[in-house]
Every structure is written in structure tokens, then in C-alpha cells.
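**Q** My questions all concern the structure below.
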Amino acid sequence: MSSTRDIDALIEMMAKLPGLGPRSARRAVLHLIRKRALLLTPLADLMQTVAATARECLNCGNVGTSDICDICASEKRANGELCVVEDVADLWAMERAGVFKGRYHVLGGTLSALDAVGPEDLRIPKLVDRVTAENIAEVILALNATIDGQTTAHYIADQLEGSVKVTSLAQGVPIGGELDYLDDGTISAALKARRDV
Amino acid sequence: MEWRDQGILLAVRRHGETSAIIEVFTEAHGRHAGVVRGGTSRKIAPILQPGAQLDVTWRARLEDHIGTFTVEPMRSRAAAVMGSRLALAGLNAVTGLLSFCLPEREAHPKLYGKTEPLMDLLGQDELWPLAYLRWELALLDEMGFGLDLVRCAVTGAREGLVFVSPKSGRAVSRAGAGDWADQLLPLPPLMLGQGEAPDEEIAQGFETTGYFLRHKLAQELVHKPLPEARQRFVDLFTRRMQRG
């Protein structure tokens, strides 16, 4: 039993990852062991490197391997547009789409009365500073279309009122979406935001 | 154990990777929590927005278990409020206060009866603040801190009531207030069901109910500070009033 102690510990650790349970973690570990040279060793090396270097960008809150992330460091991205997102995962989603060419600001959550998350717990003061320091012309609020997300959006809009143009993402029918399957809230938002064709 | 009821969704918290723990304010079962399996899925997550009117069925093996909810949407109020700062702040204030002060699994049918119509008024920014003020008075009443605005606590007079005593929650007339007037809370005519309820009087009403919510309900009953959502709503309302 002791000969598999390390492997068991690895399975236990892997099972804590999102999307994995004990059985799938066991399968993944077995696969890694079988592909030791191809997967396990490079993965272990990379994890060690990332564990040593990964950090939050001091400017925007993105995750990178240097104090200032590549997006903030790039002069090409300084086009006067700043996209505010809730989480790093949202920033990555925006980058995947490849349509936004400006810089980002990661809040690190949303305001929540229930969980006692106030403005000082988020990176809102830093956002206000950046708007002035980086000559931002437009702040795009790409926050989730949830009650907490929109409460945060309105709060930020209040904080920035008069100093910069503030816009938010549209809400409505997703690409490939069928009206029949949409909830009434989405249909209502889409109808309110209708436009000329 | 199983029951079925309708209620207002107060709060949602992620539970594990796919489930959510929700809090619902129902007429017959009060504020009740339970797990919604698959509550974070793309299909169910849009339904589970605070303020939504839900048809819920709760099941558990034993009564003291947290149990699971199956939910059917009845009315989503999120879309009606997302475009309006005041409505959104109002919704947060109502759900925040209910979550904050209602004991779990204790029915408050009278308060529920006043909450559901208030939620249905969301988005009507001209009517809502007054309705909300009346709801706060009902909430204080339900929690045992109701204001007695019928007669003056000092003189017994039924006319000329313009203050509320912060100590007793009873009305005080101008004559009865005497030198203590500057230490009393305002009692605008609208709280006596008089006049046309201008915004200035509603703001005064919020000052008075806010005092009792902070100093009685929060400090004496719940022993925690009042949710900030209520103050955010009042601040927004005051700003709107000042802008005209």
C-alpha cells in the first residue's frame, strides 16, 4: 500500500480540480503515468515553473508570469479603451473572441450585499485611477448579466460619471439562439434593445 | 418531507461545481434554503436571479435537513430592473433586508403579502419609493419594532403629530416635543396617510425607518450591521430627488 502512497496523494490532489472527481482523477493520473515522457515530466516541469512565476498583473489584475502582463505592457493595446471584467476567466473569454483591441481591468468579483462584498473589496479604486492615468476615453463594462453583475456595473458607472464615456455590453438573443428556448428575461431585454435592420 | 409553495428568490450561492444553494421567501414556509441540483447550469442559472418569482417544491428525508428544491420559473424580474439603477438598488435592498432579518423557516404571510406586490412594482420608479417606504414600515412591524403613529406619546393628542421618538417608536406632537424636538425623528404626513407624498417626505420617511432598522432591528435583533444595499438605494433616491 505504501508503494502507491505518492500516487494516491496525486490522485487526491487532482480530484480537487474543477471538473474532476476521484474516478476521473484516477484515470487522468494513470494516463499521465503511462505517458510519462510525453506528458507527466513536461507537465511537472511546467507546473513547477508556473508555480514559481505566476502572479497577478499589478495594473489590471490579469494572471501572467511578470508584474505587468503582456496586454498592459503592449503599446498597441493603449487605444483609449478599457474593458472591465469580473474575473480573469472573463478576460480570457474576451481575448478568445479576438475582437477587443484595448486593455482590460479585472475587478476580482462583484458587489454583493449578501456576502458583504463592498467596493473596497474589489479593484474599483484602481480602476478610477487608471482612467485618469492612462487617458482612457471609453470604459466598456463587460460584466455578467446577473443582478450582482449589473449592480456592480451601475456602481462603477456612478463612480466614473462625467469623467469618461461608459458603455456596457448589449443583452439579448445569443448567436444560434432560438427564441423558443430563451427565458422571458432575455427576450424582454432583447426586445428593449431592438434596432433598425 | 415534501411541500410545494411559491416564493421570491432572495439569494443564490454556488454549491460545488454544478449546484446552487438558494434562499426563497415563501408565504407558508417563510425564508427557506435548499439545494438546487444543476443550479449553475446554463438552463437554470438565468432563472435563479434574485427577485424571481418561483414555484418551488422542497424535499428532504428529515425536516432539519437542508433538502433540495426543484424550481419552476413564474416571473423573472431581473430584466425589468437591470436597466434602472433605482430599481436594481431597490431589489437589492428588499432581498438584502429579508435575507438579513427573517429567521429561517418561520412563516410571515402578512409580510409576504406586502412583499410580492412590491416586487411586481419594480421598474415603476415613480411609484416604487413610496411603496418601499410603506414596506419598510411593515417589515419593522413584523419584526416587533412597529411604529405607533396614532397619538402623541407625551400629550395623547391625535393632531399635529410631526415627530417620532427614537426611543419608543411613538409619534410626538410639536407641542409635546418641546425642547426635545431636535432629538426626535421626522414624521412626514405621508407616514400618517396624508398628503400627496412628495419625494422630500419620502426621504424623511427613510430617515426615520432607517434609524429603527439600524438601531433596533440590526443592533438589537440581528446583532450585525444593516446590509449596505438599503443605504445605496436611499442614496440613489436622494440623488435623483436633488437632481429633480
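Chain labels follow the order of the C-alpha cells: the first chain is A, the next B, and so on; residue numbering restarts at 1 in every chain, and ligands are counted from 1 in their shown order.
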Got a sec to tell me which of segment 43-213 of chain B DSSP assigns to alpha helix (DSSP H), as a PyMOL selection string?
**A** chain B and resi 78-82+85-101+109-120+128-142+174-177+199-212
**Q** For chain A, list the residues within 10 Å of chain B, counting only C-alpha atoms, and write the list as JSON, numbers by chain.
**A** {"A": [18, 19, 20, 111, 112, 113, 114, 115, 116, 117, 118, 145, 146, 147, 148, 149, 150, 151, 153, 154, 155, 158, 171, 181, 182, 183, 184, 185, 186, 187, 188, 189, 190, 192]}
**Q** Can you tell me, as a PyMOL selection string, what residues are no more than 7 Å from segment 119-133 of chain A when counting only C-alpha atoms, ignoring any on the same chain fewer than 4 positions away?
**A** chain A and resi 105+107-109+111+160
**Q** Could you write those residues out with N, CA and C atoms, as a PDB file, in the first residue's frame?
**A**
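Output file part_17.pdb follows:
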ATOM      1  N   HIS A 105      -9.474  45.517 -17.300  1.00  0.00           N
ATOM      2  CA  HIS A 105      -9.352  45.710 -15.854  1.00  0.00           C
ATOM      3  C   HIS A 105     -10.183  44.624 -15.178  1.00  0.00           C
ATOM      4  N   LEU A 107     -11.939  43.070 -12.041  1.00  0.00           N
ATOM      5  CA  LEU A 107     -12.422  43.537 -10.727  1.00  0.00           C
ATOM      6  C   LEU A 107     -12.127  42.547  -9.600  1.00  0.00           C
ATOM      7  N   GLY A 108     -12.192  41.260  -9.941  1.00  0.00           N
ATOM      8  CA  GLY A 108     -11.984  40.243  -8.905  1.00  0.00           C
ATOM      9  C   GLY A 108     -13.267  39.883  -8.182  1.00  0.00           C
ATOM     10  N   GLY A 109     -14.409  40.122  -8.804  1.00  0.00           N
ATOM     11  CA  GLY A 109     -15.699  39.762  -8.195  1.00  0.00           C
ATOM     12  C   GLY A 109     -16.745  40.821  -8.484  1.00  0.00           C
ATOM     13  N   LEU A 111     -20.019  43.280  -6.505  1.00  0.00           N
ATOM     14  CA  LEU A 111     -20.590  43.738  -5.237  1.00  0.00           C
ATOM     15  C   LEU A 111     -21.667  42.751  -4.811  1.00  0.00           C
ATOM     16  N   LEU A 160     -17.653  56.780 -12.229  1.00  0.00           N
ATOM     17  CA  LEU A 160     -16.927  57.366 -13.365  1.00  0.00           C
ATOM     18  C   LEU A 160     -17.727  58.467 -14.060  1.00  0.00           C
TER      19      LEU A 160
END
**Q** Restricting the calculation to only C-alpha atoms: of A:Ile140, A:Met94, A:Val173, A:Leu191, which residue gets closest to Gly80 of chain A?
**A** A:Ile140
**Q** Find the spatial neighbours of Leu221 of chain B, counting only C-alpha atoms, within a cut-off of 10 Å - ignore same-chain residues fewer than 5 positions away - and output them as a list in words.
**A**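 So the residues in contact are Cys101, Met143, Gly144, Phe145, Leu213, His215 and Lys216 of chain B.
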**Q** Between atom CA of Cys152 of chain B and atom CA of Val164 of chain B, measure the distance and give it in Å to one decimal.
**A**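 Interatomic distance here is 9.0 Å.
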**Q** Pick from B:Leu121, B:Met241, B:Leu139, B:Ile66: nearest to Pro109 of chain B, with only C-alpha atoms counted?
**A** B:Leu139
**Q** Enumerate as JSON, numbers by chain all residues of segment 26-236 of chain B assigned to strand (DSSP E) by DSSP on the backbone, naming them with the chain letters and numbers the document uses.
**A** {"B": [26, 30, 31, 32, 33, 34, 35, 36, 53, 54, 55, 56, 57, 58, 59, 68, 69, 70, 71, 72, 73, 74, 75, 161, 162, 163, 164, 171, 172, 173, 185, 186]}
**Q** Please produce an output containing N, CA, C and O atoms for each residue in the selection, written as a compact mmCIF listing (two decimals), in the first residue's frame.
**A**
# COMPACT_ATOMS: atom_id res chain seq x y z
N THR B 26 -41.13 32.32 1.06
CA THR B 26 -42.43 31.79 0.65
C THR B 26 -43.50 32.22 1.66
O THR B 26 -43.18 32.61 2.78
N GLY B 30 -41.97 30.74 5.02
CA GLY B 30 -41.03 31.81 5.34
C GLY B 30 -39.76 31.75 4.51
O GLY B 30 -39.78 31.28 3.37
N ARG B 31 -38.67 32.20 5.12
CA ARG B 31 -37.37 32.17 4.41
C ARG B 31 -36.82 30.76 4.54
O ARG B 31 -36.59 30.28 5.65
N HIS B 32 -36.63 30.13 3.40
CA HIS B 32 -36.25 28.72 3.41
C HIS B 32 -35.12 28.48 2.42
O HIS B 32 -35.18 28.97 1.30
N ALA B 33 -34.12 27.75 2.86
CA ALA B 33 -32.99 27.45 1.98
C ALA B 33 -33.07 26.02 1.47
O ALA B 33 -33.75 25.18 2.08
N GLY B 34 -32.39 25.75 0.39
CA GLY B 34 -32.34 24.40 -0.15
C GLY B 34 -31.38 24.35 -1.33
O GLY B 34 -31.00 25.38 -1.88
N VAL B 35 -31.01 23.14 -1.69
CA VAL B 35 -30.06 22.95 -2.80
C VAL B 35 -30.84 22.78 -4.10
O VAL B 35 -31.87 22.10 -4.12
N VAL B 36 -30.36 23.42 -5.14
CA VAL B 36 -30.91 23.18 -6.48
C VAL B 36 -29.85 22.43 -7.27
O VAL B 36 -28.79 22.98 -7.57
N GLN B 53 -39.83 35.24 -9.17
CA GLN B 53 -40.96 34.55 -8.54
C GLN B 53 -40.91 33.09 -8.99
O GLN B 53 -40.91 32.80 -10.18
N LEU B 54 -40.82 32.20 -8.03
CA LEU B 54 -40.63 30.78 -8.37
C LEU B 54 -41.73 29.92 -7.76
O LEU B 54 -42.27 30.25 -6.70
N ASP B 55 -42.00 28.83 -8.45
CA ASP B 55 -42.83 27.78 -7.88
C ASP B 55 -41.83 26.72 -7.42
O ASP B 55 -41.08 26.19 -8.24
N VAL B 56 -41.79 26.46 -6.12
CA VAL B 56 -40.74 25.57 -5.61
C VAL B 56 -41.35 24.34 -4.92
O VAL B 56 -42.39 24.43 -4.28
N THR B 57 -40.67 23.24 -5.11
CA THR B 57 -41.01 22.02 -4.36
C THR B 57 -39.78 21.63 -3.56
O THR B 57 -38.69 21.51 -4.11
N TRP B 58 -39.97 21.51 -2.25
CA TRP B 58 -38.84 21.17 -1.36
C TRP B 58 -38.99 19.74 -0.89
O TRP B 58 -40.07 19.31 -0.49
N ARG B 59 -37.87 19.01 -0.94
CA ARG B 59 -37.88 17.62 -0.48
C ARG B 59 -36.67 17.37 0.40
O ARG B 59 -35.58 17.86 0.10
N THR B 68 -33.60 19.59 -0.94
CA THR B 68 -33.40 20.06 -2.31
C THR B 68 -34.67 20.71 -2.83
O THR B 68 -35.78 20.32 -2.47
N PHE B 69 -34.46 21.69 -3.67
CA PHE B 69 -35.58 22.38 -4.32
C PHE B 69 -35.63 21.95 -5.78
O PHE B 69 -34.59 21.83 -6.43
N THR B 70 -36.83 21.77 -6.29
CA THR B 70 -36.99 21.80 -7.74
C THR B 70 -37.76 23.09 -8.02
O THR B 70 -38.71 23.41 -7.29
N VAL B 71 -37.31 23.83 -9.00
CA VAL B 71 -37.89 25.16 -9.22
C VAL B 71 -38.51 25.29 -10.61
O VAL B 71 -38.01 24.71 -11.57
N GLU B 72 -39.59 26.00 -10.65
CA GLU B 72 -40.23 26.35 -11.92
C GLU B 72 -40.35 27.87 -11.94
O GLU B 72 -40.86 28.45 -10.98
N PRO B 73 -39.87 28.51 -12.99
CA PRO B 73 -39.98 29.98 -13.02
C PRO B 73 -41.42 30.43 -13.22
O PRO B 73 -42.15 29.81 -14.00
N MET B 74 -41.83 31.46 -12.51
CA MET B 74 -43.16 32.04 -12.73
C MET B 74 -43.02 33.42 -13.36
O MET B 74 -43.60 33.72 -14.38
N ARG B 75 -42.22 34.27 -12.71
CA ARG B 75 -41.96 35.61 -13.26
C ARG B 75 -40.50 35.94 -12.99
O ARG B 75 -40.04 35.84 -11.86
N LEU B 161 -49.17 65.71 14.82
CA LEU B 161 -48.06 64.76 15.03
C LEU B 161 -46.99 65.01 13.97
O LEU B 161 -47.25 64.89 12.77
N VAL B 162 -45.78 65.38 14.41
CA VAL B 162 -44.73 65.71 13.44
C VAL B 162 -43.40 65.02 13.74
O VAL B 162 -42.45 65.16 12.98
N PHE B 163 -43.31 64.31 14.84
CA PHE B 163 -42.05 63.64 15.19
C PHE B 163 -42.31 62.19 15.59
O PHE B 163 -43.44 61.81 15.90
N VAL B 164 -41.22 61.43 15.59
CA VAL B 164 -41.26 60.07 16.13
C VAL B 164 -40.15 59.97 17.18
O VAL B 164 -39.03 60.43 16.95
N ALA B 171 -45.35 58.33 18.04
CA ALA B 171 -45.47 59.67 17.47
C ALA B 171 -45.42 60.71 18.60
O ALA B 171 -45.80 60.42 19.74
N VAL B 172 -44.92 61.91 18.24
CA VAL B 172 -44.87 63.02 19.19
C VAL B 172 -45.36 64.27 18.47
O VAL B 172 -44.96 64.52 17.32
N SER B 173 -46.22 65.02 19.13
CA SER B 173 -46.73 66.25 18.51
C SER B 173 -45.72 67.38 18.73
O SER B 173 -44.82 67.27 19.58
N LEU B 185 -37.10 62.15 15.55
CA LEU B 185 -37.05 61.82 14.12
C LEU B 185 -38.25 62.44 13.42
O LEU B 185 -39.31 62.61 14.03
N PRO B 186 -38.08 62.73 12.11
CA PRO B 186 -39.22 63.35 11.41
C PRO B 186 -40.38 62.37 11.18
O PRO B 186 -40.15 61.18 10.96
**Q** Can you tell me, as a list in words, what residues are no more than 7 Å from segment 127-135 of chain B when counting only C-alpha atoms, ignoring any on the same chain fewer than 5 positions away?
**A**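 With the cut-off at 7 Å, the set is Lys114, Leu118, Leu121, Leu122, Ile202, Gly205 and Phe206 of chain B.
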